[in-house]
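For reference, run04.tsv is printed below; it contains TSV, C-alpha atoms and all ligand atoms.
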```tsv
chain	number	residue	atom	x	y	z
A	1	MET	CA	242.17	99.99	84.93
A	2	GLY	CA	242.56	96.31	85.56
A	3	LEU	CA	240.89	93.26	87.00
A	4	LEU	CA	240.91	90.80	89.89
A	5	ILE	CA	242.47	87.37	89.31
A	6	ASP	CA	242.08	84.93	92.23
A	7	GLY	CA	241.29	87.89	94.46
A	8	ARG	CA	244.41	89.86	93.51
A	9	TRP	CA	244.44	93.07	91.51
A	10	HIS	CA	246.19	93.14	88.11
A	11	ASP	CA	246.65	96.44	86.34
A	12	GLN	CA	246.02	95.83	82.64
A	13	TRP	CA	244.03	97.45	79.85
A	14	TYR	CA	241.38	95.71	77.71
A	15	ASP	CA	242.94	93.13	75.43
A	16	THR	CA	241.95	94.18	71.90
A	17	ASP	CA	245.02	92.54	70.28
A	18	ASN	CA	243.51	89.09	70.64
A	19	ASN	CA	240.20	90.32	69.19
A	20	GLY	CA	241.41	91.84	65.91
A	21	GLY	CA	241.44	95.34	67.41
A	22	ALA	CA	237.90	95.09	68.78
A	23	PHE	CA	236.62	95.73	72.30
A	24	LYS	CA	234.61	92.81	73.70
A	25	ARG	CA	232.57	93.53	76.83
A	26	GLN	CA	232.72	90.84	79.53
A	27	ALA	CA	229.36	89.37	80.57
A	28	SER	CA	228.28	90.35	84.09
A	29	GLN	CA	228.78	87.59	86.67
A	30	PHE	CA	226.17	88.32	89.32
A	31	ARG	CA	222.63	87.93	88.08
A	32	GLU	CA	220.44	87.20	91.14
A	33	GLN	CA	216.94	88.59	91.59
A	34	ILE	CA	215.08	90.15	94.53
A	35	THR	CA	211.84	88.25	95.25
A	36	SER	CA	209.48	87.92	98.23
A	37	ASP	CA	210.25	84.18	98.62
A	38	GLY	CA	213.92	83.99	97.59
A	39	LYS	CA	217.36	84.50	99.17
A	40	TYR	CA	217.12	88.23	98.51
A	41	GLN	CA	213.81	89.69	99.70
A	42	PRO	CA	212.57	93.25	99.22
A	43	GLN	CA	213.29	95.04	102.52
A	44	SER	CA	213.82	98.71	103.22
A	45	GLY	CA	217.43	99.57	104.07
A	46	ARG	CA	218.78	96.14	103.14
A	47	TYR	CA	220.33	96.97	99.75
A	48	HIS	CA	223.00	99.36	98.57
A	49	LEU	CA	224.05	100.57	95.13
A	50	TYR	CA	227.67	101.21	94.27
A	51	VAL	CA	227.67	103.63	91.35
A	52	SER	CA	229.73	106.04	89.33
A	53	LEU	CA	228.05	109.25	88.19
A	54	ALA	CA	230.22	109.02	85.07
A	55	CYS	CA	229.08	105.60	83.97
A	56	PRO	CA	226.09	105.26	81.62
A	57	TRP	CA	225.23	101.79	82.96
A	58	ALA	CA	225.22	102.91	86.60
A	59	HIS	CA	223.30	106.05	85.60
A	60	ARG	CA	220.41	103.86	84.44
A	61	ALA	CA	220.10	102.38	87.93
A	62	LEU	CA	220.27	105.79	89.61
A	63	ILE	CA	217.45	107.07	87.41
A	64	MET	CA	215.22	104.08	88.17
A	65	ARG	CA	215.92	104.45	91.90
A	66	GLU	CA	214.60	108.04	91.67
A	67	LEU	CA	211.60	107.30	89.46
A	68	LYS	CA	210.47	104.43	91.68
A	69	GLY	CA	210.73	106.38	94.94
A	70	LEU	CA	213.50	104.17	96.29
A	71	THR	CA	215.98	106.76	97.52
A	72	SER	CA	215.06	106.24	101.19
A	73	HIS	CA	215.03	102.43	100.82
A	74	ILE	CA	218.23	101.77	98.85
A	75	SER	CA	221.37	103.64	99.93
A	76	ILE	CA	224.25	104.53	97.59
A	77	SER	CA	228.00	105.05	97.45
A	78	ILE	CA	229.43	107.14	94.61
A	79	VAL	CA	232.98	106.37	93.46
A	80	SER	CA	235.51	108.93	92.29
A	81	PRO	CA	235.33	109.58	88.53
A	82	ASP	CA	239.06	108.79	88.28
A	83	MET	CA	239.45	105.13	87.37
A	84	LEU	CA	243.22	104.69	87.31
A	85	ASP	CA	245.70	101.85	87.94
A	86	ARG	CA	243.70	100.43	90.90
A	87	GLY	CA	240.34	100.73	89.15
A	88	TRP	CA	237.33	102.49	90.65
A	89	SER	CA	238.23	104.18	93.93
A	90	PHE	CA	236.59	105.92	96.87
A	91	LEU	CA	239.28	108.60	97.02
A	92	PRO	CA	237.83	112.05	97.76
A	93	TYR	CA	236.40	113.98	94.81
A	94	PRO	CA	233.62	116.61	94.78
A	95	GLY	CA	230.28	114.84	94.33
A	96	SER	CA	231.68	111.44	95.39
A	97	THR	CA	230.73	109.91	98.74
A	98	GLY	CA	233.44	107.42	99.62
A	99	ASP	CA	232.39	103.90	100.64
A	100	THR	CA	229.59	104.77	103.03
A	101	LEU	CA	229.23	101.14	104.21
A	102	TYR	CA	232.73	99.90	104.99
A	103	GLY	CA	235.11	102.78	104.32
A	104	HIS	CA	237.07	100.84	101.69
A	105	GLN	CA	239.46	102.69	99.39
A	106	TYR	CA	238.76	100.70	96.22
A	107	LEU	CA	235.66	99.11	94.73
A	108	SER	CA	237.69	95.94	94.14
A	109	GLU	CA	237.56	95.41	97.93
A	110	ILE	CA	233.78	95.04	97.67
A	111	TYR	CA	234.19	92.28	95.08
A	112	VAL	CA	236.81	90.55	97.27
A	113	ARG	CA	234.45	90.87	100.23
A	114	GLU	CA	231.91	88.93	98.18
A	115	GLN	CA	234.44	86.21	97.39
A	116	ALA	CA	238.06	86.20	98.58
A	117	ASP	CA	239.50	84.45	95.49
A	118	ILE	CA	237.27	86.08	92.89
A	119	THR	CA	238.31	86.49	89.25
A	120	THR	CA	236.37	89.34	87.63
A	121	ARG	CA	236.42	92.82	86.19
A	122	VAL	CA	235.43	95.36	88.82
A	123	THR	CA	232.50	97.23	87.32
A	124	VAL	CA	229.71	99.55	88.41
A	125	PRO	CA	226.82	99.38	89.09
A	126	VAL	CA	226.82	96.85	91.93
A	127	LEU	CA	223.61	96.02	93.80
A	128	TRP	CA	224.87	94.91	97.22
A	129	ASP	CA	223.06	93.09	100.03
A	130	LYS	CA	224.08	94.37	103.46
A	131	HIS	CA	222.56	91.35	105.28
A	132	THR	CA	224.47	88.58	103.53
A	133	GLN	CA	227.33	90.89	102.49
A	134	SER	CA	227.12	89.70	98.93
A	135	ILE	CA	226.58	91.02	95.43
A	136	VAL	CA	223.00	90.51	94.27
A	137	ASN	CA	223.51	91.72	90.73
A	138	ASN	CA	226.05	93.73	88.72
A	139	GLU	CA	224.23	93.92	85.39
A	140	SER	CA	222.47	97.25	84.89
A	141	ALA	CA	219.83	95.79	82.56
A	142	ASP	CA	218.76	93.42	85.37
A	143	ILE	CA	219.04	96.05	88.09
A	144	LEU	CA	216.67	98.31	86.13
A	145	ARG	CA	214.01	95.61	86.13
A	146	ILE	CA	214.57	94.67	89.76
A	147	LEU	CA	214.07	98.28	90.82
A	148	ASN	CA	211.10	98.63	88.48
A	149	SER	CA	209.03	95.98	90.24
A	150	ALA	CA	210.61	94.16	93.22
A	151	PHE	CA	209.93	96.89	95.80
A	152	ASN	CA	206.41	97.85	94.71
A	153	THR	CA	204.70	96.47	97.82
A	154	LEU	CA	207.16	98.35	100.02
A	155	THR	CA	206.86	101.73	98.30
A	156	GLY	CA	203.34	101.56	96.85
A	157	ASN	CA	204.87	102.94	93.64
A	158	THR	CA	203.42	100.83	90.83
A	159	ASP	CA	204.69	102.94	87.91
A	160	ASP	CA	205.78	100.41	85.33
A	161	TYR	CA	208.66	101.11	82.96
A	162	TYR	CA	208.52	97.63	81.45
A	163	PRO	CA	204.78	97.00	81.03
A	164	ASP	CA	203.57	93.59	79.86
A	165	ALA	CA	201.89	94.96	76.74
A	166	LEU	CA	205.13	96.59	75.53
A	167	LYS	CA	207.73	94.02	76.61
A	168	ALA	CA	208.31	92.52	73.18
A	169	GLU	CA	208.75	95.91	71.53
A	170	ILE	CA	210.96	97.23	74.32
A	171	ASP	CA	213.16	94.13	74.07
A	172	GLU	CA	213.45	94.58	70.31
A	173	VAL	CA	214.44	98.25	70.60
A	174	ASN	CA	216.84	97.56	73.49
A	175	GLU	CA	218.64	94.99	71.38
A	176	TRP	CA	219.78	97.29	68.58
A	177	VAL	CA	220.11	100.36	70.80
A	178	TYR	CA	222.46	98.34	73.03
A	179	HIS	CA	224.66	96.92	70.28
A	180	ASP	CA	224.82	99.93	68.00
A	181	ILE	CA	224.48	102.89	70.40
A	182	ASN	CA	225.05	102.12	74.13
A	183	ASN	CA	227.89	99.71	73.48
A	184	GLY	CA	228.49	101.06	69.96
A	185	VAL	CA	230.22	104.19	71.27
A	186	TYR	CA	232.59	101.97	73.29
A	187	LYS	CA	233.27	99.75	70.28
A	188	ALA	CA	234.27	102.84	68.32
A	189	GLY	CA	236.23	104.45	71.14
A	190	PHE	CA	238.21	101.40	72.24
A	191	ALA	CA	238.90	100.03	68.74
A	192	THR	CA	242.58	99.73	67.94
A	193	GLU	CA	242.14	99.00	64.23
A	194	GLN	CA	240.84	101.52	61.67
A	195	ALA	CA	238.36	99.16	60.02
A	196	VAL	CA	236.89	98.04	63.35
A	197	TYR	CA	236.45	101.67	64.41
A	198	GLU	CA	234.82	102.66	61.13
A	199	GLU	CA	232.36	99.80	61.19
A	200	ALA	CA	231.25	100.74	64.71
A	201	VAL	CA	230.90	104.43	63.85
A	202	TYR	CA	228.83	103.85	60.72
A	203	LYS	CA	226.53	101.46	62.59
A	204	LEU	CA	226.22	103.95	65.43
A	205	PHE	CA	225.12	106.82	63.19
A	206	ALA	CA	222.77	104.59	61.17
A	207	ALA	CA	221.12	103.66	64.48
A	208	LEU	CA	220.93	107.31	65.58
A	209	ASP	CA	219.29	108.16	62.24
A	210	LYS	CA	216.75	105.41	62.94
A	211	VAL	CA	216.09	106.85	66.43
A	212	GLU	CA	215.69	110.33	64.94
A	213	ALA	CA	213.07	109.07	62.45
A	214	ARG	CA	211.20	107.32	65.24
A	215	LEU	CA	211.24	110.31	67.59
A	216	ALA	CA	210.10	112.65	64.82
A	217	GLN	CA	206.82	110.66	64.96
A	218	HIS	CA	206.60	109.65	68.63
A	219	ARG	CA	207.44	111.32	71.95
A	220	PHE	CA	209.08	108.18	73.35
A	221	LEU	CA	210.84	105.14	71.87
A	222	VAL	CA	208.04	102.67	72.64
A	223	GLY	CA	204.39	103.54	73.40
A	224	ASN	CA	203.27	106.95	74.67
A	225	ASN	CA	205.15	107.10	77.95
A	226	LEU	CA	208.68	106.82	79.29
A	227	THR	CA	209.88	103.20	79.46
A	228	GLU	CA	213.17	101.52	80.36
A	229	ALA	CA	214.10	101.77	76.66
A	230	ASP	CA	214.20	105.57	77.02
A	231	ILE	CA	216.21	105.43	80.25
A	232	ARG	CA	218.75	103.16	78.59
A	233	LEU	CA	219.13	105.46	75.61
A	234	PHE	CA	219.12	108.71	77.61
A	235	THR	CA	222.25	107.87	79.59
A	236	THR	CA	224.22	107.45	76.36
A	237	LEU	CA	222.75	110.59	74.77
A	238	VAL	CA	223.78	112.92	77.62
A	239	ARG	CA	227.37	111.71	77.33
A	240	PHE	CA	227.50	112.01	73.57
A	241	ASP	CA	228.37	115.63	72.78
A	242	PRO	CA	230.60	116.18	75.86
A	243	VAL	CA	232.54	112.88	75.55
A	244	TYR	CA	231.76	110.35	72.84
A	245	HIS	CA	231.90	112.87	70.01
A	246	GLY	CA	235.52	113.82	70.81
A	247	HIS	CA	237.06	111.19	73.08
A	248	PHE	CA	235.54	108.15	71.32
A	249	LYS	CA	235.80	109.75	67.82
A	250	CYS	CA	232.04	109.44	67.18
A	251	ASN	CA	232.14	112.66	65.26
A	252	LEU	CA	229.98	112.41	62.15
A	253	LYS	CA	227.38	114.47	64.03
A	254	GLN	CA	226.50	115.65	67.52
A	255	ILE	CA	223.19	115.06	69.31
A	256	LYS	CA	222.37	118.72	68.89
A	257	ASP	CA	222.37	118.10	65.11
A	258	TYR	CA	219.42	115.70	65.52
A	259	PRO	CA	216.36	117.92	66.27
A	260	ALA	CA	214.04	115.19	67.51
A	261	ILE	CA	216.66	113.38	69.61
A	262	TYR	CA	217.91	116.66	71.07
A	263	ASP	CA	214.39	117.70	72.09
A	264	TYR	CA	213.72	114.23	73.56
A	265	MET	CA	216.97	114.26	75.57
A	266	ARG	CA	216.09	117.64	77.07
A	267	ARG	CA	212.52	116.53	77.85
A	268	ILE	CA	213.79	113.49	79.75
A	269	TYR	CA	216.38	115.59	81.57
A	270	ARG	CA	213.58	117.85	82.85
A	271	LEU	CA	211.51	114.99	84.32
A	272	PRO	CA	211.53	115.09	88.15
A	273	GLY	CA	214.61	113.43	89.62
A	274	ILE	CA	216.66	113.07	86.44
A	275	ALA	CA	218.77	116.24	86.51
A	276	GLY	CA	220.07	115.36	89.99
A	277	THR	CA	221.47	112.06	88.67
A	278	THR	CA	223.32	113.74	85.78
A	279	ASN	CA	226.78	115.09	86.62
A	280	LEU	CA	228.66	116.47	83.62
A	281	ASP	CA	231.85	117.08	85.60
A	282	HIS	CA	232.11	113.40	86.63
A	283	ILE	CA	231.22	112.35	83.09
A	284	LYS	CA	233.90	114.42	81.36
A	285	ARG	CA	236.54	113.91	84.02
A	286	HIS	CA	236.14	110.13	84.08
A	287	TYR	CA	236.61	109.43	80.40
A	288	TYR	CA	239.25	112.01	79.55
A	289	TYR	CA	241.26	111.53	82.75
A	290	SER	CA	241.02	107.72	83.13
A	291	HIS	CA	241.51	106.43	79.58
A	292	THR	CA	245.17	107.30	79.35
A	293	MET	CA	245.77	105.10	76.31
A	294	ILE	CA	243.32	107.31	74.38
A	295	ASN	CA	244.19	110.62	76.07
A	296	PRO	CA	247.68	110.34	77.65
A	297	THR	CA	247.82	114.03	78.65
A	298	GLN	CA	244.67	113.62	80.79
A	299	VAL	CA	243.64	117.12	79.71
A	300	VAL	CA	239.85	117.47	79.99
A	301	PRO	CA	238.28	119.65	77.27
A	302	VAL	CA	236.22	122.66	78.34
A	303	GLY	CA	233.38	122.25	75.79
A	304	PRO	CA	230.82	121.77	74.50
A	305	ALA	CA	230.27	125.51	74.35
A	306	TYR	CA	226.50	125.21	74.35
A	307	SER	CA	224.28	124.06	77.20
A	308	LEU	CA	222.86	120.60	76.63
A	309	TRP	CA	219.59	121.66	78.26
A	310	LYS	CA	218.61	125.09	76.88
S	1	LIG	N1	227.20	95.06	81.64
S	1	LIG	C1	227.54	95.95	82.67
S	1	LIG	C2	228.66	96.89	82.26
S	1	LIG	C3	229.10	97.79	83.34
S	1	LIG	C4	230.42	98.48	82.98
S	1	LIG	O1	231.15	98.06	82.07
S	1	LIG	N2	230.75	99.57	83.69
S	1	LIG	C5	232.01	100.25	83.44
S	1	LIG	C6	231.92	101.72	83.76
S	1	LIG	S1	231.06	102.66	82.58
S	1	LIG	C7	233.08	99.72	84.36
S	1	LIG	O2	232.87	99.65	85.56
S	1	LIG	N3	234.23	99.36	83.79
S	1	LIG	C8	235.36	98.88	84.51
S	1	LIG	C9	236.03	97.73	83.79
S	1	LIG	O3	235.57	97.33	82.73
S	1	LIG	O4	237.02	97.25	84.33
S	1	LIG	C10	226.29	96.72	83.05
S	1	LIG	O5	225.58	97.19	82.14
S	1	LIG	O6	226.01	96.82	84.22
```
Using the file provided, produce a representation of the structure as structure tokens.
Ligand SMILES: N[C@@H](CCC(=O)N[C@@H](CS)C(=O)NCC(=O)O)C(=O)O
Amino acid sequence: MGLLIDGRWHDQWYDTDNNGGAFKRQASQFREQITSDGKYQPQSGRYHLYVSLACPWAHRALIMRELKGLTSHISISIVSPDMLDRGWSFLPYPGSTGDTLYGHQYLSEIYVREQADITTRVTVPVLWDKHTQSIVNNESADILRILNSAFNTLTGNTDDYYPDALKAEIDEVNEWVYHDINNGVYKAGFATEQAVYEEAVYKLFAALDKVEARLAQHRFLVGNNLTEADIRLFTTLVRFDPVYHGHFKCNLKQIKDYPAIYDYMRRIYRLPGIAGTTNLDHIKRHYYYSHTMINPTQVVPVGPAYSLWK
């Protein structure tokens, strides 16, 4: 774990000491769009996604790529789940692909390829342009929307996971789901002060209670069909019982203790294309093996003892 400073790798953990024991997520730096008249135009075979199967943010992008029929248009490289002193790597691991474009060993080399003296964290997902050899976007919330609409004329797939009529409500739900749940588990797990941890955990479970009440009445978070709000929540839910409950100490309840959320998670898992993007081995291995300041033994637990999907 570390970051690039002026193009050189520095191995250092998140600095919570200067934030009162709290984890503060860095804003993503690359926020370009793909448009028919811009620098980045929608073309088959032009773009590439660098992802981790362990990462909830990258998982969002992988799901949208499947749902929008983009697998033959946008290629992917899957990093190793082990994110150690050199950050995300392309070292061999079952289910990983290596860097299928350039054969690099580390994802940091992709960021340096974009800019030789770059200062940045090296995160997934990365939407990469093969033509200009540059990063289009490394913010999963943006990438979801790019994939949702930018390639429609190419694929003919007009399924809309962020429809005009629901945008305001989706934005509103995304806001608290992001702060209290998606990022909430990280705030709890990376906290280095008791009070900071407790605040995050109580907010997290209050938000899950709110989701449970909503899903007891409705099949999806917003409207009657799957939207990006569901995709964004799903990728946190599937990691919850195997990882966040134990590793991040989010242990007031498990997802299986919430009947409506549990049913909803399994329904989404069974939608075409989703199961193939969900890799529990990468998920468990990444967190327990990479976060050595939380789990110095790197022992990966064998549970949960129940199947998430039955
Ligand atoms: N805001 C980004 C966050 C991405 C992110 O933090 N990904 C994690 C993996 S789950 C990562 O690559 N972390 C490496 C680091 O922070 O150095 C997004 O949603 O795309």
Practice prompt. List all protein, DNA and RNA residues that have at least one atom no more than 10 Å from any atom of ligand LIG 1 (chain S), counting only C-alpha atoms and all ligand atoms, and write them as a PyMOL selection string.
Written response: chain A and resi 1-4+11-14+25-30+51-61+81+83+86-88+107-108+120-127+137-144+178+182-183+186+232+283+286-287
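These residues, each with an atom at most 12 Å from (238.4, 111.0, 98.8) using all atoms listed in the file, are A:Ile78, A:Val79, A:Ser80, A:Pro81, A:Asp82, A:Trp88, A:Ser89, A:Phe90, A:Leu91, A:Pro92, A:Tyr93, A:Pro94, A:Gly95, A:Ser96, A:Thr97, A:Gly98, A:Asp99, A:Thr100, A:Gly103, A:His104, A:Gln105, A:Tyr106.
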For the residues in the current selection, export C-alpha atoms as a PDB file, in the frame of the given file.
```
ATOM      1  CA  ILE A  78     229.430 107.140  94.610  1.00  0.00           C
ATOM      2  CA  VAL A  79     232.980 106.370  93.460  1.00  0.00           C
ATOM      3  CA  SER A  80     235.510 108.930  92.290  1.00  0.00           C
ATOM      4  CA  PRO A  81     235.330 109.580  88.530  1.00  0.00           C
ATOM      5  CA  ASP A  82     239.060 108.790  88.280  1.00  0.00           C
ATOM      6  CA  TRP A  88     237.330 102.490  90.650  1.00  0.00           C
ATOM      7  CA  SER A  89     238.230 104.180  93.930  1.00  0.00           C
ATOM      8  CA  PHE A  90     236.590 105.920  96.870  1.00  0.00           C
ATOM      9  CA  LEU A  91     239.280 108.600  97.020  1.00  0.00           C
ATOM     10  CA  PRO A  92     237.830 112.050  97.760  1.00  0.00           C
ATOM     11  CA  TYR A  93     236.400 113.980  94.810  1.00  0.00           C
ATOM     12  CA  PRO A  94     233.620 116.610  94.780  1.00  0.00           C
ATOM     13  CA  GLY A  95     230.280 114.840  94.330  1.00  0.00           C
ATOM     14  CA  SER A  96     231.680 111.440  95.390  1.00  0.00           C
ATOM     15  CA  THR A  97     230.730 109.910  98.740  1.00  0.00           C
ATOM     16  CA  GLY A  98     233.440 107.420  99.620  1.00  0.00           C
ATOM     17  CA  ASP A  99     232.390 103.900 100.640  1.00  0.00           C
ATOM     18  CA  THR A 100     229.590 104.770 103.030  1.00  0.00           C
ATOM     19  CA  GLY A 103     235.110 102.780 104.320  1.00  0.00           C
ATOM     20  CA  HIS A 104     237.070 100.840 101.690  1.00  0.00           C
ATOM     21  CA  GLN A 105     239.460 102.690  99.390  1.00  0.00           C
ATOM     22  CA  TYR A 106     238.760 100.700  96.220  1.00  0.00           C
TER      23      TYR A 106
END
```
Worksheet entry | Counting only C-alpha atoms, the residue of A:Leu84, A:Asp171, A:Leu147, A:Val201 that sits nearest Met293 in chain A | A:Leu84
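Each of A:Gly21, A:Val243, A:Arg65, A:Lys253 was compared to Val302 in chain A using only C-alpha atoms, and A:Val243 turns out to be the nearest.
Candidate residues A:Val299, A:Trp9, A:His218, A:Thr155 were compared for distance to Thr71 in chain A, and the nearest is A:Thr155, using all atoms listed in the file.
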Worksheet item: Could you state the separation of CA of Asp180 in chain A and CA of Gly223 in chain A in Å, given to one decimal place?
Response: 21.4 Å
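Closest approach to Leu237 in chain A among A:Val185, A:Ile63, A:Ala275, A:Ala213 is made by A:Val185 (distances from all atoms listed in the file).
Pairwise distance (CA of Tyr262 in chain A, CA of Trp176 in chain A) equals 19.6 Å.
Across A:Leu49, A:Ala165, A:Ala216, A:Ile181, the tightest approach to Leu70 in chain A is made by A:Leu49 when counting all atoms listed in the file.
Remark: for Lys210 in chain A, the closest of the candidate residues A:Leu101, A:Ile294, A:Ile261, A:Val238 is A:Ile261 (distances computed over all atoms listed in the file).
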Set up a box along x, y and z of the file covering all listed atoms of range 290-309 of chain A, add 3 Å on every one of the six sides, and write the centre and edge lengths in Å to one decimal, as AutoDock Vina command-line options.
```
--center_x 233.7 --center_y 115.3 --center_z 78.7 --size_x 34.2 --size_y 26.4 --size_z 14.8
```
Leaving out Phe220 in chain A and any residue of its chain fewer than 2 positions from it, which residues lie within 10 Å of it when counting all atoms listed in the file, given as a tab-separated table (two decimals) with C-alpha atoms, keeping the file's coordinate frame?
```tsv
chain	number	residue	atom	x	y	z
A	211	VAL	CA	216.09	106.85	66.43
A	214	ARG	CA	211.20	107.32	65.24
A	215	LEU	CA	211.24	110.31	67.59
A	216	ALA	CA	210.10	112.65	64.82
A	217	GLN	CA	206.82	110.66	64.96
A	218	HIS	CA	206.60	109.65	68.63
A	222	VAL	CA	208.04	102.67	72.64
A	223	GLY	CA	204.39	103.54	73.40
A	224	ASN	CA	203.27	106.95	74.67
A	225	ASN	CA	205.15	107.10	77.95
A	226	LEU	CA	208.68	106.82	79.29
A	227	THR	CA	209.88	103.20	79.46
A	229	ALA	CA	214.10	101.77	76.66
A	230	ASP	CA	214.20	105.57	77.02
A	261	ILE	CA	216.66	113.38	69.61
A	264	TYR	CA	213.72	114.23	73.56
A	268	ILE	CA	213.79	113.49	79.75
```
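Between CA of Ala116 in chain A and CA of His48 in chain A lies a distance of 20.0 Å.
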